[in-house]
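Quick look at target.txt (compact mmCIF, C-alpha atoms (C1' of nucleotides)):
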```txt
# COMPACT_ATOMS: atom_id res chain seq x y z
CA MET A 25 -4.86 32.24 -6.23
CA SER A 26 -2.23 29.65 -5.37
CA ARG A 27 -0.45 27.45 -7.86
CA MET A 28 -2.56 24.41 -6.98
CA ASP A 29 -5.80 26.33 -7.13
CA ALA A 30 -5.00 27.61 -10.57
CA GLU A 31 -4.47 24.06 -11.75
CA ALA A 32 -7.71 22.92 -10.13
CA SER A 33 -9.59 25.83 -11.61
CA ARG A 34 -8.29 25.06 -15.07
CA ALA A 35 -9.14 21.38 -14.68
CA PHE A 36 -12.63 22.26 -13.62
CA GLN A 37 -13.13 24.57 -16.56
CA LEU A 38 -11.93 21.88 -18.93
CA LEU A 39 -14.19 19.26 -17.39
CA VAL A 40 -17.21 21.47 -17.92
CA ARG A 41 -16.19 22.20 -21.49
CA PHE A 42 -15.69 18.54 -22.21
CA PHE A 43 -19.06 17.74 -20.71
CA PHE A 44 -20.83 20.13 -23.02
CA ALA A 45 -18.81 19.08 -26.02
CA GLN A 46 -19.73 15.49 -25.35
CA ARG A 47 -23.38 16.47 -25.12
CA GLU A 48 -23.35 17.48 -28.77
CA GLN A 49 -22.96 13.93 -29.87
CA LEU A 50 -25.60 12.62 -27.49
CA PRO A 51 -28.96 12.37 -29.21
CA PRO A 52 -28.53 12.83 -32.96
CA PRO A 53 -31.55 15.09 -33.21
CA GLY A 54 -34.54 13.75 -35.06
CA ASP A 55 -33.20 10.30 -34.49
CA GLU A 56 -35.41 7.47 -33.32
CA LEU A 57 -33.42 7.53 -30.09
CA GLU A 58 -34.71 11.02 -29.35
CA LEU A 59 -33.66 11.17 -25.74
CA SER A 60 -33.17 14.40 -23.85
CA PRO A 61 -29.89 14.77 -21.96
CA ALA A 62 -31.64 14.17 -18.65
CA GLN A 63 -33.28 11.03 -19.94
CA CYS A 64 -29.94 9.82 -21.25
CA HIS A 65 -28.45 10.25 -17.82
CA VAL A 66 -31.20 8.27 -16.15
CA LEU A 67 -30.88 5.48 -18.69
CA HIS A 68 -27.13 5.60 -18.27
CA LEU A 69 -27.32 5.30 -14.50
CA ILE A 70 -29.49 2.20 -14.44
CA ASP A 71 -27.53 -0.96 -14.97
CA PRO A 72 -29.73 -3.49 -16.76
CA ASP A 73 -28.84 -6.07 -14.14
CA ARG A 74 -29.19 -3.82 -11.14
CA PRO A 75 -32.50 -1.94 -10.83
CA MET A 76 -32.31 1.22 -8.78
CA PRO A 77 -34.69 2.77 -6.25
CA MET A 78 -35.94 6.21 -7.24
CA GLY A 79 -34.46 7.82 -4.17
CA ARG A 80 -30.96 6.74 -5.05
CA LEU A 81 -31.54 8.01 -8.57
CA ALA A 82 -32.46 11.42 -7.16
CA GLY A 83 -29.38 11.33 -4.96
CA THR A 84 -27.02 10.55 -7.80
CA LEU A 85 -28.61 13.10 -10.10
CA GLY A 86 -28.46 15.66 -7.31
CA CYS A 87 -32.04 16.75 -7.85
CA ASP A 88 -35.38 16.71 -6.12
CA ALA A 89 -37.29 13.44 -5.83
CA SER A 90 -40.33 14.93 -7.50
CA ASN A 91 -38.22 15.66 -10.54
CA VAL A 92 -37.30 11.99 -10.82
CA THR A 93 -40.99 11.13 -10.72
CA GLY A 94 -41.48 13.13 -13.91
CA LEU A 95 -38.39 11.74 -15.63
CA VAL A 96 -39.41 8.18 -14.88
CA ASP A 97 -42.98 8.94 -15.93
CA ARG A 98 -41.80 9.91 -19.38
CA LEU A 99 -39.42 6.99 -19.73
CA GLU A 100 -42.11 4.60 -18.55
CA ALA A 101 -44.57 6.07 -21.05
CA ARG A 102 -42.09 5.06 -23.75
CA ALA A 103 -41.74 1.61 -22.20
CA LEU A 104 -38.03 1.98 -21.62
CA VAL A 105 -38.33 1.52 -17.88
CA ARG A 106 -40.63 -0.09 -15.32
CA ARG A 107 -41.54 0.77 -11.74
CA ARG A 108 -41.48 -2.26 -9.48
CA PRO A 109 -42.39 -2.31 -5.80
CA SER A 110 -39.49 -3.27 -3.58
CA ALA A 111 -39.84 -6.49 -1.65
CA ASP A 112 -38.02 -5.11 1.40
CA ASP A 113 -39.83 -1.81 1.79
CA ARG A 114 -43.20 -1.14 0.28
CA ARG A 115 -42.61 2.58 0.15
CA VAL A 116 -39.74 2.09 -2.26
CA LYS A 117 -40.17 1.70 -6.00
CA VAL A 118 -37.32 0.18 -7.92
CA ILE A 119 -36.68 1.27 -11.49
CA GLN A 120 -35.82 -1.45 -13.93
CA LEU A 121 -34.88 -1.27 -17.59
CA THR A 122 -37.22 -3.02 -19.98
CA PRO A 123 -35.62 -5.03 -22.79
CA ALA A 124 -36.24 -2.04 -25.09
CA GLY A 125 -34.64 0.29 -22.56
CA SER A 126 -31.69 -2.02 -22.15
CA ARG A 127 -31.21 -2.16 -25.91
CA LEU A 128 -31.45 1.60 -26.25
CA ARG A 129 -28.96 2.10 -23.43
CA ALA A 130 -26.44 -0.20 -25.07
CA GLN A 131 -26.89 1.59 -28.38
CA MET A 132 -26.39 4.94 -26.69
CA LEU A 133 -23.23 3.80 -24.91
CA ARG A 134 -21.86 2.40 -28.13
CA ARG A 135 -22.49 5.63 -29.93
CA MET A 136 -20.83 7.73 -27.27
CA THR A 137 -17.64 5.79 -26.89
CA SER A 138 -16.71 4.41 -30.23
CA GLY A 139 -14.80 5.46 -33.28
CA SER A 140 -15.72 9.03 -34.02
CA CYS A 141 -15.77 10.03 -30.36
CA ARG A 142 -13.16 12.24 -28.76
CA LEU A 143 -12.49 9.88 -25.91
CA SER A 144 -11.46 7.02 -28.11
CA ARG A 145 -8.93 9.19 -29.88
CA LEU A 146 -6.81 9.39 -26.75
CA SER A 147 -3.92 7.01 -26.42
CA ALA A 148 -4.64 3.91 -24.36
CA ARG A 149 -2.20 5.20 -21.78
CA ASP A 150 -4.06 8.49 -21.43
CA GLN A 151 -7.42 6.78 -21.28
CA GLN A 152 -6.24 4.68 -18.38
CA ALA A 153 -4.75 7.66 -16.63
CA LEU A 154 -7.97 9.58 -17.08
CA VAL A 155 -10.03 6.76 -15.64
CA ARG A 156 -7.70 6.41 -12.68
CA ILE A 157 -7.82 10.11 -11.87
CA LEU A 158 -11.56 10.40 -12.30
CA GLU A 159 -12.06 7.40 -10.04
CA ALA A 160 -10.07 9.16 -7.36
CA LEU A 161 -12.21 12.25 -7.91
CA VAL A 162 -15.62 10.66 -7.52
CA GLY A 163 -14.53 8.46 -4.65
CA ASP A 164 -15.14 5.32 -6.68
CA GLN A 165 -17.80 4.01 -4.26
CA MET B 8 -16.94 -4.20 -26.74
CA SER B 9 -13.19 -3.79 -27.34
CA ARG B 10 -10.65 -3.05 -24.64
CA MET B 11 -10.39 0.60 -25.68
CA ASP B 12 -14.14 1.08 -25.82
CA ALA B 13 -14.57 -0.28 -22.33
CA GLU B 14 -12.04 2.24 -21.09
CA ALA B 15 -13.76 5.08 -22.92
CA SER B 16 -17.13 4.02 -21.62
CA ARG B 17 -15.86 3.94 -18.05
CA ALA B 18 -14.26 7.35 -18.45
CA PHE B 19 -17.50 8.75 -19.77
CA GLN B 20 -19.50 7.30 -16.91
CA LEU B 21 -17.07 8.75 -14.38
CA LEU B 22 -17.17 12.13 -16.05
CA VAL B 23 -20.95 12.27 -15.73
CA ARG B 24 -20.78 11.20 -12.10
CA PHE B 25 -18.20 13.85 -11.34
CA PHE B 26 -20.30 16.47 -13.04
CA PHE B 27 -23.33 15.72 -10.88
CA ALA B 28 -21.28 15.38 -7.72
CA GLN B 29 -19.70 18.75 -8.36
CA ARG B 30 -23.11 20.26 -8.93
CA GLU B 31 -24.02 19.57 -5.32
CA GLN B 32 -21.52 22.10 -4.09
CA LEU B 33 -22.45 24.70 -6.67
CA PRO B 34 -24.99 27.20 -5.32
CA PRO B 35 -25.38 26.77 -1.58
CA PRO B 36 -29.15 27.04 -1.77
CA GLY B 37 -30.73 30.09 -0.27
CA ASP B 38 -27.38 31.79 -0.56
CA GLU B 39 -27.03 35.33 -1.81
CA LEU B 40 -25.27 33.89 -4.85
CA GLU B 41 -28.43 32.04 -5.83
CA LEU B 42 -27.33 31.05 -9.30
CA SER B 43 -28.87 28.19 -11.21
CA PRO B 44 -26.43 25.67 -12.67
CA ALA B 45 -26.96 27.03 -16.17
CA GLN B 46 -26.29 30.57 -15.01
CA CYS B 47 -23.14 29.40 -13.26
CA HIS B 48 -21.93 27.91 -16.49
CA VAL B 49 -22.52 31.09 -18.43
CA LEU B 50 -20.76 33.15 -15.81
CA HIS B 51 -17.95 30.63 -15.77
CA LEU B 52 -17.47 30.77 -19.51
CA ILE B 53 -17.11 34.53 -19.73
CA ASP B 54 -13.65 35.70 -18.87
CA PRO B 55 -13.87 39.15 -17.28
CA ASP B 56 -11.22 40.40 -19.68
CA ARG B 57 -12.60 38.74 -22.76
CA PRO B 58 -16.25 39.41 -23.52
CA MET B 59 -17.91 36.76 -25.62
CA PRO B 60 -20.41 36.97 -28.49
CA MET B 61 -23.68 35.21 -27.79
CA GLY B 62 -23.21 32.86 -30.69
CA ARG B 63 -20.01 31.45 -29.32
CA LEU B 64 -21.68 31.06 -25.96
CA ALA B 65 -24.42 28.99 -27.59
CA GLY B 66 -21.80 26.95 -29.39
CA THR B 67 -19.84 26.17 -26.25
CA LEU B 68 -22.95 25.34 -24.26
CA GLY B 69 -24.17 23.19 -27.12
CA CYS B 70 -27.62 24.70 -27.05
CA ASP B 71 -29.91 26.81 -29.19
CA ALA B 72 -29.20 30.52 -29.61
CA SER B 73 -32.66 31.43 -28.41
CA ASN B 74 -31.93 29.70 -25.15
CA VAL B 75 -28.88 31.88 -24.61
CA THR B 76 -31.07 34.92 -25.16
CA GLY B 77 -33.11 33.90 -22.14
CA LEU B 78 -30.11 33.05 -19.99
CA VAL B 79 -28.45 36.38 -20.71
CA ASP B 80 -31.77 38.16 -20.15
CA ARG B 81 -31.93 36.84 -16.61
CA LEU B 82 -28.28 37.57 -15.88
CA GLU B 83 -28.64 41.05 -17.30
CA ALA B 84 -31.73 41.64 -15.19
CA ARG B 85 -29.53 40.99 -12.16
CA ALA B 86 -26.85 43.32 -13.53
CA LEU B 87 -24.22 40.60 -13.66
CA VAL B 88 -23.71 40.94 -17.36
CA ARG B 89 -24.12 43.48 -20.14
CA ARG B 90 -24.94 43.20 -23.84
CA ARG B 91 -22.68 45.34 -25.96
CA PRO B 92 -22.87 45.78 -29.71
CA SER B 93 -19.79 44.54 -31.49
CA ALA B 94 -17.72 47.11 -33.33
CA ASP B 95 -16.86 44.71 -36.17
CA ASP B 96 -20.31 43.37 -36.89
CA ARG B 97 -23.45 45.12 -35.82
CA ARG B 98 -25.45 41.91 -35.76
CA VAL B 99 -23.26 40.53 -33.02
CA LYS B 100 -23.75 41.29 -29.35
CA VAL B 101 -20.87 40.58 -27.03
CA ILE B 102 -21.55 39.67 -23.46
CA GLN B 103 -19.44 41.37 -20.87
CA LEU B 104 -19.28 40.84 -17.13
CA THR B 105 -20.21 43.81 -14.99
CA PRO B 106 -18.03 44.47 -11.95
CA ALA B 107 -20.66 42.71 -9.85
CA GLY B 108 -20.68 39.77 -12.24
CA SER B 109 -16.92 39.60 -12.20
CA ARG B 110 -16.88 39.59 -8.42
CA LEU B 111 -19.53 36.90 -8.24
CA ARG B 112 -17.66 34.77 -10.77
CA ALA B 113 -14.44 34.98 -8.79
CA GLN B 114 -16.29 34.06 -5.62
CA MET B 115 -17.89 31.09 -7.35
CA LEU B 116 -14.58 29.85 -8.75
CA ARG B 117 -12.95 30.16 -5.37
CA ARG B 118 -15.69 28.13 -3.78
CA MET B 119 -15.50 25.38 -6.37
CA THR B 120 -11.77 24.84 -6.48
CA SER B 121 -10.42 25.41 -3.05
CA GLY B 122 -9.88 23.44 0.10
CA SER B 123 -12.94 21.31 0.61
CA CYS B 124 -13.29 20.52 -3.08
CA ARG B 125 -12.52 17.16 -4.59
CA LEU B 126 -10.27 18.53 -7.30
CA SER B 127 -7.82 20.11 -4.92
CA ARG B 128 -7.39 16.83 -3.10
CA LEU B 129 -5.65 15.34 -6.09
CA SER B 130 -1.88 15.29 -6.08
CA ALA B 131 -0.23 18.08 -8.04
CA ARG B 132 1.02 15.48 -10.48
CA ASP B 133 -2.46 14.15 -11.12
CA GLN B 134 -3.90 17.63 -11.48
CA GLN B 135 -1.37 18.40 -14.16
CA ALA B 136 -1.99 15.10 -15.93
CA LEU B 137 -5.72 15.73 -15.83
CA VAL B 138 -5.32 19.18 -17.33
CA ARG B 139 -3.06 17.87 -20.06
CA ILE B 140 -5.43 15.07 -21.03
CA LEU B 141 -8.51 17.26 -20.97
CA GLU B 142 -6.79 19.84 -23.10
CA ALA B 143 -6.16 17.17 -25.69
CA LEU B 144 -9.80 16.14 -25.42
CA VAL B 145 -11.45 19.49 -25.91
CA GLY B 146 -9.06 20.56 -28.63
CA ASP B 147 -7.74 23.40 -26.48
CA GLN B 148 -8.85 26.16 -28.91
C1' DG C 4 -24.87 49.66 -57.35
C1' DC C 5 -28.73 45.59 -56.87
C1' DG C 6 -30.56 41.15 -55.53
C1' DC C 7 -30.26 37.32 -52.40
C1' DA C 8 -28.76 33.77 -49.46
C1' DT C 9 -26.55 33.75 -44.88
C1' DT C 10 -25.66 35.04 -40.26
C1' DG C 11 -26.70 36.66 -35.37
C1' DC C 12 -30.00 37.47 -32.41
C1' DT C 13 -34.90 37.88 -30.74
C1' DT C 14 -39.71 36.50 -30.28
C1' DT C 15 -43.38 33.28 -29.78
C1' DA C 16 -45.20 28.97 -28.57
C1' DG C 17 -44.59 24.68 -26.60
C1' DT C 18 -42.22 20.82 -23.89
C1' DT C 19 -39.07 19.37 -20.41
C1' DT C 20 -36.57 20.09 -16.33
C1' DG C 21 -36.33 21.52 -11.91
C1' DT C 22 -37.95 23.37 -7.13
C1' DC C 23 -40.99 23.77 -3.24
C1' DA C 24 -44.89 22.64 -0.34
C1' DA C 25 -48.49 19.63 0.78
C1' DC C 26 -50.10 15.01 0.75
C1' DT C 27 -50.37 9.58 1.24
C1' DA C 28 -48.53 5.41 2.61
C1' DT C 29 -45.13 2.87 5.00
C1' DT C 30 -41.68 2.23 8.29
C1' DG C 31 -39.50 2.29 12.71
C1' DA C 32 -38.65 4.06 17.40
C1' DG C 33 -40.39 4.59 21.95
C1' DC D 1 -50.38 2.67 19.81
C1' DT D 2 -48.41 7.33 18.78
C1' DC D 3 -45.46 9.92 16.43
C1' DA D 4 -41.58 11.34 13.74
C1' DA D 5 -39.11 10.12 9.64
C1' DT D 6 -38.91 8.31 4.94
C1' DA D 7 -40.27 7.21 -0.20
C1' DG D 8 -42.79 8.65 -3.54
C1' DT D 9 -46.55 11.50 -5.76
C1' DT D 10 -49.14 15.68 -6.85
C1' DG D 11 -49.87 20.53 -8.05
C1' DA D 12 -48.24 25.02 -8.92
C1' DC D 13 -44.87 27.52 -10.70
C1' DA D 14 -40.05 29.22 -12.49
C1' DA D 15 -36.28 28.11 -15.37
C1' DA D 16 -34.14 25.76 -19.23
C1' DC D 17 -34.54 24.26 -23.54
C1' DT D 18 -36.21 23.60 -28.71
C1' DA D 19 -38.20 24.68 -33.16
C1' DA D 20 -40.05 28.01 -36.30
C1' DA D 21 -40.72 32.56 -37.84
C1' DG D 22 -38.94 37.06 -38.12
C1' DC D 23 -35.66 41.16 -38.36
C1' DA D 24 -31.56 43.52 -39.22
C1' DA D 25 -26.92 43.39 -40.85
C1' DT D 26 -23.55 41.10 -43.74
C1' DG D 27 -21.45 39.61 -47.75
C1' DC D 28 -21.37 37.35 -52.10
C1' DG D 29 -22.41 37.25 -57.16
C1' DC D 30 -23.41 39.96 -60.76
```

Using structure tokens, write down the structure that the file contains.
Amino acid sequence: MSRMDAEASRAFQLLVRFFFAQREQLPPPGDELELSPAQCHVLHLIDPDRPMPMGRLAGTLGCDASNVTGLVDRLEARALVRRRPSADDRRVKVIQLTPAGSRLRAQMLRRMTSGSCRLSRLSARDQQALVRILEALVGDQ
Amino acid sequence: MSRMDAEASRAFQLLVRFFFAQREQLPPPGDELELSPAQCHVLHLIDPDRPMPMGRLAGTLGCDASNVTGLVDRLEARALVRRRPSADDRRVKVIQLTPAGSRLRAQMLRRMTSGSCRLSRLSARDQQALVRILEALVGDQ
DNA sequence: GCGCATTGCTTTAGTTTGTCAACTATTGAG
DNA sequence: CTCAATAGTTGACAAACTAAAGCAATGCGC
């Protein structure tokens, strides 16, 4: 394994570890939030101001479309999300946060990135560097 | 939301996106590897030279111990992993890669961190910075 | 030594997550 | 209009996960 690959391998390992560590402080179990990790991700991905078609959701989550159907079913049953037919294409259904969903999302984001959280204990410099590097990694879109 | 929190929130969002993007290139479906994401993570976490007790596995994955039982069951059924009683404490079972498991792990790591992969397209400088920051984040252990 | 709470793992039962294949409805190309 | 492609749903099933109960080993207090 070359020098670069070793570095990449280590970075990858650390990213995975960080991901799981972060998961711990996701849904304080027994809380009224009570969202599964997958549901958190869906909620996280939908900007309150920019509803998202289910297909794009499946694409971003890297999973089957039929899986998204189930996820959205459960979120819709809890009135956190609404299916709306697209004006452009009647096959498409756009997922929109309800006010309750929007509130819950904000609360979740606050909880994950404030005070007690690992991320906010980094120096401002390191936080910016991290964001810059990650943006390069995901292609920014 | 303060300046710092915005940065942390963005970093978190990017991390999740990277995680899902990376997942795409995990198990080329229909491949002989044929590992589920969860199985990949277990395999990834076990260093061939340093077997790991199930409890620590559960801790790192941030999931219930009984879940790890199932994961290890399936890996053991495919002879990628072995349960061995610990010498120190007979309650503990340490998980050890078999030669086949070790080979598969190496192959997986190679595939995820070489050439085509996003991580290896970062500059060496950025790779090192990323590793340094992530180490601070996960506490290094 | 003896009790007794604790720890590490498994089992059972139940939900959620995820895949695949088949289906419906809509779209768009020819 | 015909036909292939696309968006989403359904049904059947495997895998991932949790909570609760249970078992064996540990270790602490006495």

Closest pair table for chain B residues within 8 Å of chain A, all atoms listed in the file, as CSV:
```
residue,atom,partner,partner_atom,distance
B:Met11,CA,A:Ala148,CA,6.8
B:Asp12,CA,A:Thr137,CA,6.0
B:Glu14,CA,A:Gln151,CA,6.5
B:Ala15,CA,A:Thr137,CA,5.6
B:Ser16,CA,A:Thr137,CA,5.6
B:Arg17,CA,A:Val155,CA,6.9
B:Ala18,CA,A:Val155,CA,5.1
B:Phe19,CA,A:Thr137,CA,7.7
B:Gln20,CA,A:His68,CA,7.9
B:Leu21,CA,A:Leu158,CA,6.1
B:Leu22,CA,A:Leu158,CA,7.0
B:Val23,CA,A:Phe43,CA,7.6
B:Arg24,CA,A:Val162,CA,6.9
B:Phe25,CA,A:Val162,CA,5.6
B:Phe26,CA,A:Val40,CA,7.6
B:Phe27,CA,A:Leu85,CA,5.9
B:Ala28,CA,A:Gly86,CA,7.2
B:Arg30,CA,A:Gly86,CA,7.2
B:Glu31,CA,A:Gly86,CA,6.2
B:His51,CA,A:Gln37,CA,7.8
B:Thr67,CA,A:Phe44,CA,6.9
B:Leu68,CA,A:Phe44,CA,5.8
B:Gly69,CA,A:Glu48,CA,6.0
B:Leu116,CA,A:Ser33,CA,7.0
B:Met119,CA,A:Ser33,CA,7.9
B:Thr120,CA,A:Ser33,CA,5.7
B:Ser121,CA,A:Asp29,CA,6.2
B:Arg125,CA,A:Leu161,CA,5.9
B:Leu126,CA,A:Ala32,CA,5.8
B:Ser127,CA,A:Ala32,CA,5.9
B:Leu129,CA,A:Leu161,CA,7.5
B:Ala131,CA,A:Met28,CA,6.8
B:Asp133,CA,A:Ile157,CA,6.8
B:Gln134,CA,A:Glu31,CA,6.5
B:Gln135,CA,A:Glu31,CA,6.9
B:Ala136,CA,A:Ala153,CA,8.0
B:Leu137,CA,A:Leu154,CA,6.7
B:Val138,CA,A:Ala35,CA,5.1
B:Ile140,CA,A:Asp150,CA,6.7
B:Leu141,CA,A:Leu38,CA,6.1
B:Glu142,CA,A:Leu38,CA,6.9
B:Ala143,CA,A:Leu146,CA,7.9
B:Leu144,CA,A:Arg142,CA,6.1
B:Val145,CA,A:Phe42,CA,5.7
```

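In this structure, CA of Arg106 (chain A) sits 6.5 Å away from CA of Thr122 (chain A).
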
Distance query region 4-15 of chain C at most 7 Å, only C-alpha atoms (C1' of nucleotides), self and fewer than 2 positions along chain excluded, as a list of chain:residue names: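 The contact residues come out as B:Gly62, B:Arg98, B:Val99.
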
So that I have them on file, write out the residues from the current selection with C-alpha atoms, as a compact mmCIF listing (two decimals), keeping the file's coordinate frame.
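The result, stored in part_27.txt:
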```txt
# COMPACT_ATOMS: atom_id res chain seq x y z
CA GLY B 62 -23.21 32.86 -30.69
CA ARG B 98 -25.45 41.91 -35.76
CA VAL B 99 -23.26 40.53 -33.02
```

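Identical in sequence, chain A and chain B superpose with a Cα RMSD of 0.4 Å when all alpha carbons are matched in order.
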
State, in Å with one decimal place, the distance from CA of Leu67 (chain A) to C1' of DA14 (chain D). 26.2 Å

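Going from CA of Ile70 (chain A) over to CA of Arg129 (chain A), you cover 9.0 Å.
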
Test item: chain B residues at most 10 Å from chain C, counting all atoms listed in the file, as a list in words: Pro60, Met61, Gly62, Ala72, Ser73, Val75, Thr76, Gly77, Asp96, Arg97, Arg98, Val99 and Lys100 of chain B

Just write the chosen residues, C-alpha atoms, as a PDB file, keeping the file's coordinate frame.
```
ATOM      1  CA  PRO B  60     -20.410  36.970 -28.490  1.00  0.00           C
ATOM      2  CA  MET B  61     -23.680  35.210 -27.790  1.00  0.00           C
ATOM      3  CA  GLY B  62     -23.210  32.860 -30.690  1.00  0.00           C
ATOM      4  CA  ALA B  72     -29.200  30.520 -29.610  1.00  0.00           C
ATOM      5  CA  SER B  73     -32.660  31.430 -28.410  1.00  0.00           C
ATOM      6  CA  VAL B  75     -28.880  31.880 -24.610  1.00  0.00           C
ATOM      7  CA  THR B  76     -31.070  34.920 -25.160  1.00  0.00           C
ATOM      8  CA  GLY B  77     -33.110  33.900 -22.140  1.00  0.00           C
ATOM      9  CA  ASP B  96     -20.310  43.370 -36.890  1.00  0.00           C
ATOM     10  CA  ARG B  97     -23.450  45.120 -35.820  1.00  0.00           C
ATOM     11  CA  ARG B  98     -25.450  41.910 -35.760  1.00  0.00           C
ATOM     12  CA  VAL B  99     -23.260  40.530 -33.020  1.00  0.00           C
ATOM     13  CA  LYS B 100     -23.750  41.290 -29.350  1.00  0.00           C
TER      14      LYS B 100
END
```

Enumerate as a PyMOL selection string the residues belonging to chain D that approach chain B to within 9 Å, with only C-alpha atoms (C1' of nucleotides) taken into account. chain D and resi 15-18+24-26

From B:Met59, B:Glu41, B:Leu87, B:Leu82, residue lying nearest Ile102 (chain B) [only C-alpha atoms]: B:Met59
